[in-house]
Amino acid sequence: MKYKKSALVLLFLSLAIFLGLSLGKNRLVPIDEKDKLYNSRIDDIELDSTQDGEYPLEDEEVIATVNLLASGDLMFHSPQFRSAYDSSTGAYDFSPVFRYVKKYIEEADISMANLETVIAGSHIEYSGFPKFNTPKEAVLGISQAGFDILVTSNNHSLDYGKEGLINTIEIIDEYGMKNIGTYKEKGRPILIEERNGIKMAFLSYTYGLNGMGSSLSKEELSYMVNRIDEESIKKDLERAEALDADLTIVYMHWGYEYHREVSDYQIELGEKMANWGADIILGSHPHVIQKSEILKVDGEDKFISYSMGNFLSNQRKSSMGNSYTEDGIMINLEIEKSSLTENTKIVSIDYIPTWLYRYRKDGKLLYEILPVEDALNGSLGIQLDDSIKIRLKKSLEDTMWKIETSQKLLENN
């Protein structure tokens with residue numbers, strides 16, 4: 001009997017469920033109620049997905065990273081472009097110069113250097129110091145090495161006047177790179193580059209133009225070349241901030257040639273720029289390496305390298321009595337940005353000392369930029385005389401002596 005009662009109960013329950021579903025199926029629901037039902041279902045789905053770990057939590061920190069590599073002066077004296085010339089093809093090839101440093105340049109998210117020459121065109125005789133005009137294939141070689149940005153505001157910007165300045169900008173653009181510090185048109189736009197969600201502003205300035213400013217009209221001179229003027233620099237840094245740059249890099253052509261010690265004015269202006277908003281300050285023009293250091297501004301680390309020396313040139317001890325002109329450094333700065341605080345900071349600085357190897361083969365001078373430590377440990381796979389190894393060791397000692405202080409400062413912060 002109790003089994004029959006249970007069966008009847010189950011029958012009535014099944015019938016009730018069936019009738020409820022049938023009636024509900026045909027029931028009209030107001031539009032606003034449908035929206036509520038739809039949204040509640042979506043909310044349920046999103047909640048479940050979050051609980052399953054398919055979506056990041058709102059307060060979960062994501063760190064974006066970018067690597068910036070900077071190097072010093074790229075100069076092209078007459079022996080260098082003669083070395084790059086192939087008489088059998090009638091063409092220039094500068095790519096071998098960079099073969100041993102190319103991996104470092106390419107690995108960085110952004111690589112930059114100072115182009116201290118003019119690409120005025122083949123209709124003007126190619127020349128070295130004191131008025132530079134270099135074959136455009138030099139810029140092609142720089143591009144193939146992996147560089148992204150070239151500084152064009154330096155004391156040789158106007159070696160061939162307005163025509164040379166404009167042509168240099170156009171050749172850089174032709175080979176897929178950007179330039180900073182010289183401009184074809186009014187407005188002096190600030191270069192903003194974004195990598196991995198980090199926006200970087202790039203500025204550059206020069207102390208002078210070797211007396212060639214008169215090749216431009218007063219109006220043209222006001223916008224075609226960025227010259228060091230404290231009020232202009234301060235305003236440009238404010239403009240960069242208004243463009244929501246996470247980080248601002250300023251490349252300065254300043255200081256005294258061949259002086260390994262930083263001038264008082266470099267220190268004074270460097271501190272001012274850091275206080276005005278510059279985060280990374282990079283220097284060129286002395287043609288020798290000067291010190292680097294960390295400046296503390298409102299609890300933040302600002303990095304300054306007063307001079308990175310020559311990356312490429314024909315300046316040597318044999319011709320100038322100064323071995324320091326053969327030395328340079330590539331500086332790799334790792335930068336991080338937090339998604340929670342939106343704070344951007346320098347987290348590491350790596351120095352890669354370089355030495356310009358010049359040698360003669362088959363009666364022809366050849367040039368190669370060597371990463372010093374790689375050359376000494378044999379990883380480049382080239383045979384070097386003992387005399388060259390001794391010179392490399394001296395170069396490394398001279399360079400590291402200049403930069404070891406800044407490494408210690410960063411480690412202690």
# chains A, B, ... in the order shown; residues from 1 in each chain; ligands from 1
call {"tool": "residues_around", "arguments": {"residues": "Tyr251 of chain A", "least_positions_apart": "3", "cutoff": "6 Å", "atoms": "only C-alpha atoms", "output": "ChimeraX atom specification"}}
result
/A:204,281-283
call {"tool": "write_last_selection", "arguments": {"atoms": "N, CA and C atoms", "output": "PDB file, in the first residue's frame"}}
result
ATOM      1  N   SER A 204      65.871  65.868 -28.124  1.00  0.00           N
ATOM      2  CA  SER A 204      67.326  66.039 -28.211  1.00  0.00           C
ATOM      3  C   SER A 204      67.670  67.487 -28.522  1.00  0.00           C
ATOM      4  N   ILE A 281      68.630  60.809 -19.241  1.00  0.00           N
ATOM      5  CA  ILE A 281      69.400  61.826 -19.959  1.00  0.00           C
ATOM      6  C   ILE A 281      70.660  61.168 -20.501  1.00  0.00           C
ATOM      7  N   LEU A 282      70.846  61.267 -21.813  1.00  0.00           N
ATOM      8  CA  LEU A 282      71.967  60.607 -22.478  1.00  0.00           C
ATOM      9  C   LEU A 282      72.818  61.663 -23.165  1.00  0.00           C
ATOM     10  N   GLY A 283      74.147  61.516 -23.079  1.00  0.00           N
ATOM     11  CA  GLY A 283      75.024  62.545 -23.598  1.00  0.00           C
ATOM     12  C   GLY A 283      75.973  62.086 -24.682  1.00  0.00           C
TER      13      GLY A 283
END
call {"tool": "select_by_dssp", "arguments": {"residues": "segment 79-326 of chain A", "states": "strand (DSSP E or B)", "output": "ChimeraX atom specification"}}
result
/A:85-86,91-92,110-115,127,133,149-151,178-180,182,191-195,198-206,225,227,247-253,280-284,289,292-297,300-305,308-312
call {"tool": "closest_residue", "arguments": {"among": "A:Ala240, A:Ile280, A:Pro135, A:Arg316", "to": "Ile192 of chain A", "atoms": "only C-alpha atoms"}}
result
A:Ala240
call {"tool": "residues_around", "arguments": {"residues": "Leu150 of chain A", "least_positions_apart": "3", "cutoff": "7 Å", "atoms": "only C-alpha atoms", "output": "PDB file with N, CA and C atoms, in the first residue's frame"}}
result
ATOM      1  N   MET A 112      68.942  53.443 -30.068  1.00  0.00           N
ATOM      2  CA  MET A 112      69.174  54.796 -30.579  1.00  0.00           C
ATOM      3  C   MET A 112      70.651  55.172 -30.498  1.00  0.00           C
ATOM      4  N   ALA A 113      71.058  56.131 -31.347  1.00  0.00           N
ATOM      5  CA  ALA A 113      72.427  56.627 -31.353  1.00  0.00           C
ATOM      6  C   ALA A 113      72.437  58.014 -31.971  1.00  0.00           C
ATOM      7  N   ASN A 114      73.582  58.694 -31.862  1.00  0.00           N
ATOM      8  CA  ASN A 114      73.739  60.033 -32.415  1.00  0.00           C
ATOM      9  C   ASN A 114      74.403  59.955 -33.784  1.00  0.00           C
ATOM     10  N   LEU A 115      73.690  60.378 -34.823  1.00  0.00           N
ATOM     11  CA  LEU A 115      74.232  60.408 -36.179  1.00  0.00           C
ATOM     12  C   LEU A 115      74.952  61.736 -36.374  1.00  0.00           C
ATOM     13  N   LYS A 178      63.393  56.672 -37.290  1.00  0.00           N
ATOM     14  CA  LYS A 178      62.908  57.991 -36.892  1.00  0.00           C
ATOM     15  C   LYS A 178      64.108  58.857 -36.507  1.00  0.00           C
ATOM     16  N   ASN A 179      63.963  60.173 -36.615  1.00  0.00           N
ATOM     17  CA  ASN A 179      65.009  61.076 -36.144  1.00  0.00           C
ATOM     18  C   ASN A 179      64.432  62.037 -35.112  1.00  0.00           C
ATOM     19  N   ILE A 180      65.286  62.539 -34.260  1.00  0.00           N
ATOM     20  CA  ILE A 180      64.867  63.541 -33.277  1.00  0.00           C
ATOM     21  C   ILE A 180      65.867  64.699 -33.269  1.00  0.00           C
TER      22      ILE A 180
END
call {"tool": "atom_distance", "arguments": {"atom1": "atom CA of Glu185 of chain A", "atom2": "atom CA of Ser157 of chain A"}}
result
15.5 Å
call {"tool": "closest_residue", "arguments": {"among": "A:Lys103, A:Lys364, A:Lys131, A:Lys402", "to": "Phe76 of chain A", "atoms": "only C-alpha atoms"}}
result
A:Lys131
